[in-house]
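Listing of input23.pdb; format and content: PDB, C-alpha atoms.
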MODEL        1
ATOM      1  CA  MET Z  14      89.804 -75.509 -13.301
ATOM      2  CA  ILE Z  15      88.726 -71.990 -14.205
ATOM      3  CA  VAL Z  16      86.457 -69.237 -12.927
ATOM      4  CA  ASN Z  17      84.456 -66.848 -15.078
ATOM      5  CA  CYS Z  18      83.485 -63.700 -13.132
ATOM      6  CA  VAL Z  19      80.570 -62.009 -14.851
ATOM      7  CA  HIS Z  20      80.013 -58.376 -13.817
ATOM      8  CA  ILE Z  21      76.492 -57.087 -14.444
ATOM      9  CA  LYS Z  22      74.874 -53.684 -13.898
ATOM     10  CA  VAL Z  23      71.062 -53.788 -13.858
ATOM     11  CA  LYS Z  24      68.628 -50.930 -14.501
ATOM     12  CA  LYS Z  25      66.913 -49.508 -11.420
ATOM     13  CA  GLY Z  26      63.445 -50.981 -11.037
ATOM     14  CA  LEU Z  27      64.395 -54.243 -12.740
ATOM     15  CA  VAL Z  28      66.599 -55.655  -9.990
ATOM     16  CA  ASP Z  29      63.949 -58.017  -8.586
ATOM     17  CA  ARG Z  30      63.166 -59.437 -12.027
ATOM     18  CA  PHE Z  31      66.870 -59.857 -12.745
ATOM     19  CA  ILE Z  32      67.377 -61.760  -9.477
ATOM     20  CA  GLU Z  33      64.386 -64.014 -10.198
ATOM     21  CA  ALA Z  34      65.671 -64.982 -13.672
ATOM     22  CA  THR Z  35      69.230 -65.405 -12.433
ATOM     23  CA  ILE Z  36      68.242 -67.759  -9.607
ATOM     24  CA  VAL Z  37      66.604 -70.035 -12.206
ATOM     25  CA  ASN Z  38      69.856 -69.987 -14.214
ATOM     26  CA  HIS Z  39      71.866 -70.643 -11.026
ATOM     27  CA  LYS Z  40      69.825 -73.740 -10.132
ATOM     28  CA  GLN Z  41      70.034 -75.209 -13.641
ATOM     29  CA  SER Z  42      73.724 -74.388 -14.075
ATOM     30  CA  LEU Z  43      74.641 -76.324 -10.913
ATOM     31  CA  LYS Z  44      73.298 -79.458 -12.625
ATOM     32  CA  GLU Z  45      75.824 -79.216 -15.488
ATOM     33  CA  PRO Z  46      78.393 -82.015 -15.110
ATOM     34  CA  GLY Z  47      81.396 -79.663 -15.452
ATOM     35  CA  ASN Z  48      80.068 -76.903 -13.196
ATOM     36  CA  LEU Z  49      81.775 -76.437  -9.825
ATOM     37  CA  ARG Z  50      80.012 -73.303  -8.525
ATOM     38  CA  PHE Z  51      77.579 -70.681  -9.734
ATOM     39  CA  ASP Z  52      77.373 -68.045  -6.990
ATOM     40  CA  VAL Z  53      75.071 -65.045  -7.376
ATOM     41  CA  ILE Z  54      76.214 -62.041  -5.325
ATOM     42  CA  GLN Z  55      74.973 -58.437  -5.099
ATOM     43  CA  MET Z  56      77.242 -55.450  -4.459
ATOM     44  CA  ALA Z  57      76.755 -54.088  -0.931
ATOM     45  CA  ASP Z  58      77.259 -50.435  -1.952
ATOM     46  CA  ASP Z  59      75.140 -50.619  -5.129
ATOM     47  CA  PRO Z  60      72.250 -53.134  -5.242
ATOM     48  CA  CYS Z  61      72.066 -52.685  -9.042
ATOM     49  CA  GLN Z  62      75.449 -54.387  -9.470
ATOM     50  CA  PHE Z  63      75.950 -58.149  -9.431
ATOM     51  CA  MET Z  64      78.630 -60.718  -9.948
ATOM     52  CA  LEU Z  65      78.173 -64.296 -11.115
ATOM     53  CA  TYR Z  66      81.064 -66.402  -9.859
ATOM     54  CA  GLU Z  67      81.029 -69.368 -12.222
ATOM     55  CA  ALA Z  68      83.602 -72.123 -11.670
ATOM     56  CA  TYR Z  69      84.095 -74.976 -14.146
ATOM     57  CA  GLU Z  70      86.256 -78.055 -14.378
ATOM     58  CA  SER Z  71      87.676 -76.902 -17.708
ATOM     59  CA  GLU Z  72      87.448 -74.387 -20.530
ATOM     60  CA  GLN Z  73      85.324 -76.936 -22.347
ATOM     61  CA  SER Z  74      82.824 -77.083 -19.477
ATOM     62  CA  ALA Z  75      82.618 -73.277 -19.519
ATOM     63  CA  ALA Z  76      81.986 -73.338 -23.274
ATOM     64  CA  GLU Z  77      79.311 -76.032 -22.874
ATOM     65  CA  HIS Z  78      77.455 -73.819 -20.368
ATOM     66  CA  LYS Z  79      76.864 -71.334 -23.185
ATOM     67  CA  LEU Z  80      75.205 -74.060 -25.261
ATOM     68  CA  THR Z  81      72.556 -74.912 -22.651
ATOM     69  CA  SER Z  82      68.899 -73.951 -22.975
ATOM     70  CA  HIS Z  83      68.858 -72.362 -19.498
ATOM     71  CA  TYR Z  84      71.742 -70.056 -20.439
ATOM     72  CA  ALA Z  85      69.981 -69.083 -23.684
ATOM     73  CA  ALA Z  86      66.717 -68.412 -21.826
ATOM     74  CA  TRP Z  87      68.474 -66.329 -19.127
ATOM     75  CA  LYS Z  88      70.395 -64.324 -21.741
ATOM     76  CA  ASP Z  89      67.169 -63.452 -23.578
ATOM     77  CA  ILE Z  90      65.191 -62.584 -20.441
ATOM     78  CA  VAL Z  91      67.826 -60.312 -18.880
ATOM     79  CA  ALA Z  92      68.982 -58.575 -22.086
ATOM     80  CA  ASP Z  93      66.654 -55.622 -21.512
ATOM     81  CA  TYR Z  94      67.347 -55.502 -17.762
ATOM     82  CA  MET Z  95      71.009 -54.543 -18.158
ATOM     83  CA  GLU Z  96      72.189 -50.951 -17.840
ATOM     84  CA  GLU Z  97      75.312 -51.745 -19.883
ATOM     85  CA  PRO Z  98      76.830 -54.835 -21.542
ATOM     86  CA  ARG Z  99      78.000 -57.393 -18.982
ATOM     87  CA  LYS Z 100      81.713 -58.123 -18.667
ATOM     88  CA  GLY Z 101      83.226 -61.560 -18.169
ATOM     89  CA  VAL Z 102      86.720 -61.944 -16.725
ATOM     90  CA  ARG Z 103      88.378 -65.345 -16.893
ATOM     91  CA  TYR Z 104      90.634 -66.630 -14.097
ATOM     92  CA  LYS Z 105      92.805 -69.693 -13.517
ATOM     93  CA  ILE Z 106      92.186 -71.351 -10.139
ATOM     94  CA  LEU Z 107      95.239 -71.524  -7.847
ATOM     95  CA  GLU Z 108      93.539 -72.467  -4.547
ATOM     96  CA  PRO Z 109      91.793 -74.610  -3.548
ATOM     97  CA  ASP Z 110      93.725 -76.832  -5.978
ATOM     98  CA  ASP Z 111      91.800 -79.917  -4.818
ATOM     99  CA  PRO Z 112      88.724 -80.357  -7.086
ATOM    100  CA  SER Z 113      86.770 -81.944  -4.206
ATOM    101  CA  LEU Z 114      86.859 -78.586  -2.381
ATOM    102  CA  TRP Z 115      84.826 -76.964  -5.176
TER
ATOM    103  CA  MET B  15      76.652 -64.251   4.465
ATOM    104  CA  ILE B  16      78.937 -61.916   2.575
ATOM    105  CA  VAL B  17      81.768 -62.045   0.032
ATOM    106  CA  ASN B  18      84.750 -59.720  -0.073
ATOM    107  CA  CYS B  19      86.377 -59.699  -3.533
ATOM    108  CA  VAL B  20      89.915 -58.386  -3.253
ATOM    109  CA  HIS B  21      91.466 -57.272  -6.555
ATOM    110  CA  ILE B  22      95.269 -57.207  -6.584
ATOM    111  CA  LYS B  23      97.801 -56.215  -9.240
ATOM    112  CA  VAL B  24     101.308 -57.551  -8.583
ATOM    113  CA  LYS B  25     104.605 -56.232  -9.946
ATOM    114  CA  LYS B  26     106.173 -58.297 -12.717
ATOM    115  CA  GLY B  27     108.865 -60.574 -11.325
ATOM    116  CA  LEU B  28     107.187 -60.830  -7.921
ATOM    117  CA  VAL B  29     104.244 -62.995  -8.959
ATOM    118  CA  ASP B  30     105.731 -66.265  -7.660
ATOM    119  CA  ARG B  31     106.534 -64.723  -4.261
ATOM    120  CA  PHE B  32     103.053 -63.221  -4.075
ATOM    121  CA  ILE B  33     101.453 -66.600  -4.805
ATOM    122  CA  GLU B  34     103.608 -68.328  -2.175
ATOM    123  CA  ALA B  35     102.651 -65.835   0.569
ATOM    124  CA  THR B  36      98.991 -65.848  -0.465
ATOM    125  CA  ILE B  37      98.711 -69.642  -0.333
ATOM    126  CA  VAL B  38      99.905 -69.521   3.299
ATOM    127  CA  ASN B  39      97.201 -66.921   4.027
ATOM    128  CA  HIS B  40      94.607 -69.033   2.162
ATOM    129  CA  LYS B  41      95.358 -72.148   4.242
ATOM    130  CA  GLN B  42      95.243 -70.277   7.562
ATOM    131  CA  SER B  43      92.133 -68.262   6.646
ATOM    132  CA  LEU B  44      90.156 -71.457   5.936
ATOM    133  CA  LYS B  45      90.660 -72.398   9.604
ATOM    134  CA  GLU B  46      88.831 -69.282  10.859
ATOM    135  CA  PRO B  47      85.448 -70.337  12.317
ATOM    136  CA  GLY B  48      83.491 -67.751  10.299
ATOM    137  CA  ASN B  49      85.259 -68.298   6.978
ATOM    138  CA  LEU B  50      83.284 -70.022   4.206
ATOM    139  CA  ARG B  51      85.753 -69.776   1.291
ATOM    140  CA  PHE B  52      89.075 -68.158   0.482
ATOM    141  CA  ASP B  53      89.705 -68.804  -3.227
ATOM    142  CA  VAL B  54      92.880 -67.555  -4.880
ATOM    143  CA  ILE B  55      92.471 -67.004  -8.625
ATOM    144  CA  GLN B  56      94.780 -65.519 -11.296
ATOM    145  CA  MET B  57      93.531 -63.559 -14.306
ATOM    146  CA  ALA B  58      93.872 -65.586 -17.515
ATOM    147  CA  ASP B  59      94.762 -62.572 -19.694
ATOM    148  CA  ASP B  60      97.172 -60.984 -17.193
ATOM    149  CA  PRO B  61      99.050 -63.269 -14.779
ATOM    150  CA  CYS B  62      99.975 -60.212 -12.654
ATOM    151  CA  GLN B  63      96.328 -59.758 -11.626
ATOM    152  CA  PHE B  64      94.637 -61.776  -8.901
ATOM    153  CA  MET B  65      91.374 -61.966  -7.058
ATOM    154  CA  LEU B  66      90.817 -63.290  -3.552
ATOM    155  CA  TYR B  67      87.232 -64.492  -3.218
ATOM    156  CA  GLU B  68      86.661 -64.425   0.533
ATOM    157  CA  ALA B  69      83.286 -65.568   1.854
ATOM    158  CA  TYR B  70      82.282 -65.168   5.505
ATOM    159  CA  GLU B  71      79.288 -66.048   7.639
ATOM    160  CA  SER B  72      78.865 -62.412   8.679
ATOM    161  CA  GLU B  73      80.338 -58.919   8.627
ATOM    162  CA  GLN B  74      81.776 -59.705  12.040
ATOM    163  CA  SER B  75      83.621 -62.776  10.709
ATOM    164  CA  ALA B  76      85.066 -60.633   7.893
ATOM    165  CA  ALA B  77      86.220 -58.049  10.434
ATOM    166  CA  GLU B  78      87.766 -60.766  12.625
ATOM    167  CA  HIS B  79      89.821 -61.999   9.644
ATOM    168  CA  LYS B  80      91.631 -58.645   9.656
ATOM    169  CA  LEU B  81      92.608 -59.180  13.301
ATOM    170  CA  THR B  82      94.403 -62.499  12.692
ATOM    171  CA  SER B  83      98.169 -62.903  12.761
ATOM    172  CA  HIS B  84      98.179 -64.623   9.336
ATOM    173  CA  TYR B  85      96.379 -61.655   7.748
ATOM    174  CA  ALA B  86      98.859 -59.229   9.370
ATOM    175  CA  ALA B  87     101.822 -61.324   8.186
ATOM    176  CA  TRP B  88     100.453 -61.574   4.619
ATOM    177  CA  LYS B  89      99.722 -57.838   4.475
ATOM    178  CA  ASP B  90     103.302 -57.012   5.502
ATOM    179  CA  ILE B  91     104.925 -59.527   3.155
ATOM    180  CA  VAL B  92     102.966 -58.552   0.031
ATOM    181  CA  ALA B  93     102.960 -54.765   0.603
ATOM    182  CA  ASP B  94     106.009 -54.270  -1.626
ATOM    183  CA  TYR B  95     104.820 -56.805  -4.224
ATOM    184  CA  MET B  96     101.780 -54.762  -5.262
ATOM    185  CA  GLU B  97     101.797 -52.554  -8.353
ATOM    186  CA  GLU B  98      98.950 -50.457  -6.944
ATOM    187  CA  PRO B  99      96.782 -50.464  -3.791
ATOM    188  CA  ARG B 100      94.457 -53.469  -3.689
ATOM    189  CA  LYS B 101      90.705 -52.917  -3.928
ATOM    190  CA  GLY B 102      88.097 -54.774  -1.886
ATOM    191  CA  VAL B 103      84.497 -54.941  -3.068
ATOM    192  CA  ARG B 104      81.862 -56.188  -0.652
ATOM    193  CA  TYR B 105      78.898 -58.303  -1.824
ATOM    194  CA  LYS B 106      75.812 -59.787  -0.227
ATOM    195  CA  ILE B 107      75.299 -63.482  -1.039
ATOM    196  CA  LEU B 108      72.040 -64.306  -2.856
ATOM    197  CA  GLU B 109      72.809 -67.884  -3.985
ATOM    198  CA  PRO B 110      73.562 -70.432  -2.733
ATOM    199  CA  ASP B 111      71.435 -69.254   0.170
ATOM    200  CA  ASP B 112      72.046 -72.510   2.060
ATOM    201  CA  PRO B 113      75.104 -72.028   4.330
ATOM    202  CA  SER B 114      75.967 -75.754   4.011
ATOM    203  CA  LEU B 115      76.692 -75.181   0.289
ATOM    204  CA  TRP B 116      79.546 -72.822   1.176
TER
ENDMDL
END
Output the structure of this file as structure tokens.
Amino acid sequence: MIVNCVHIKVKKGLVDRFIEATIVNHKQSLKEPGNLRFDVIQMADDPCQFMLYEAYESEQSAAEHKLTSHYAAWKDIVADYMEEPRKGVRYKILEPDDPSLW
Amino acid sequence: MIVNCVHIKVKKGLVDRFIEATIVNHKQSLKEPGNLRFDVIQMADDPCQFMLYEAYESEQSAAEHKLTSHYAAWKDIVADYMEEPRKGVRYKILEPDDPSLW
């Protein structure tokens, strides 16, 4: 099981549109068979900064996410909303080690 | 609902001890009434770097975590294991907005 943390900085004035498009992606991503979580969180000290906390059963499931139509649509919509390129950081899950707790 | 992301860099050679102490903290933290998650994840590209993904029902629940004996014990044990001071970043939860999905 792995987590991909995606750090995103959005241009001022486009935050609401970014959230709207990202909630659509969140809802669709949860339906992927290998997806475990897809949390959307907003930095308390800077409402222009977000993290997507994407957990998958495997590296393959994470790769398959990038082949979905909802990912492609999200990527296109938010491209112009970003202040700088987003950064993904990959993690191995240590706990919870029980897949049913994800 | 809020998330506190705690970023930690551990000294080489002390990673196993850090993981052991942090798993104890993870298991105890999940028992706190206001805790929603306490994930322990290890960076894929650098096994000395970790993130604790701590979700709470409220700011008050997050503050109460820091008053527990298991937090105090963990903090003391891992103090010498850290390469640099840990950094906590606070986030507001946007999705899932349903508390039962946490």
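Take CA of Asn39 in chain B and CA of Arg51 in chain B: the distance between them is 12.1 Å.
Residues captured in this structure file are Ile16, Val17, Ile33, Ile37, His40, Lys41, Phe52, Asp53, Val54, Ile55, Gln56, Met57, Ala58, Asp59, Phe64, Met65, Val103, Arg104, Tyr105, Lys106, Ile107, Leu108, Glu109 and Pro110 of chain B, according to the ChimeraX specification (/Z :<9) & /B.
For the set Z:Trp87, Z:Met14, Z:Glu77, Z:Glu72, the residue with the smallest atom-to-atom gap to Leu49 in chain Z is Z:Met14, counting all atoms listed in the file.
Excluding range 97-100 of chain B itself and same-chain residues fewer than 2 positions from it, the residues having an atom within 8 Å of it are Val20, His21, Ile22, Lys23, Val24, Lys25, Tyr95 and Gly102 of chain B, counting only C-alpha atoms.
Reported to one decimal place, the separation of CA of Glu71 in chain B from CA of Gly48 in chain B is 5.3 Å.
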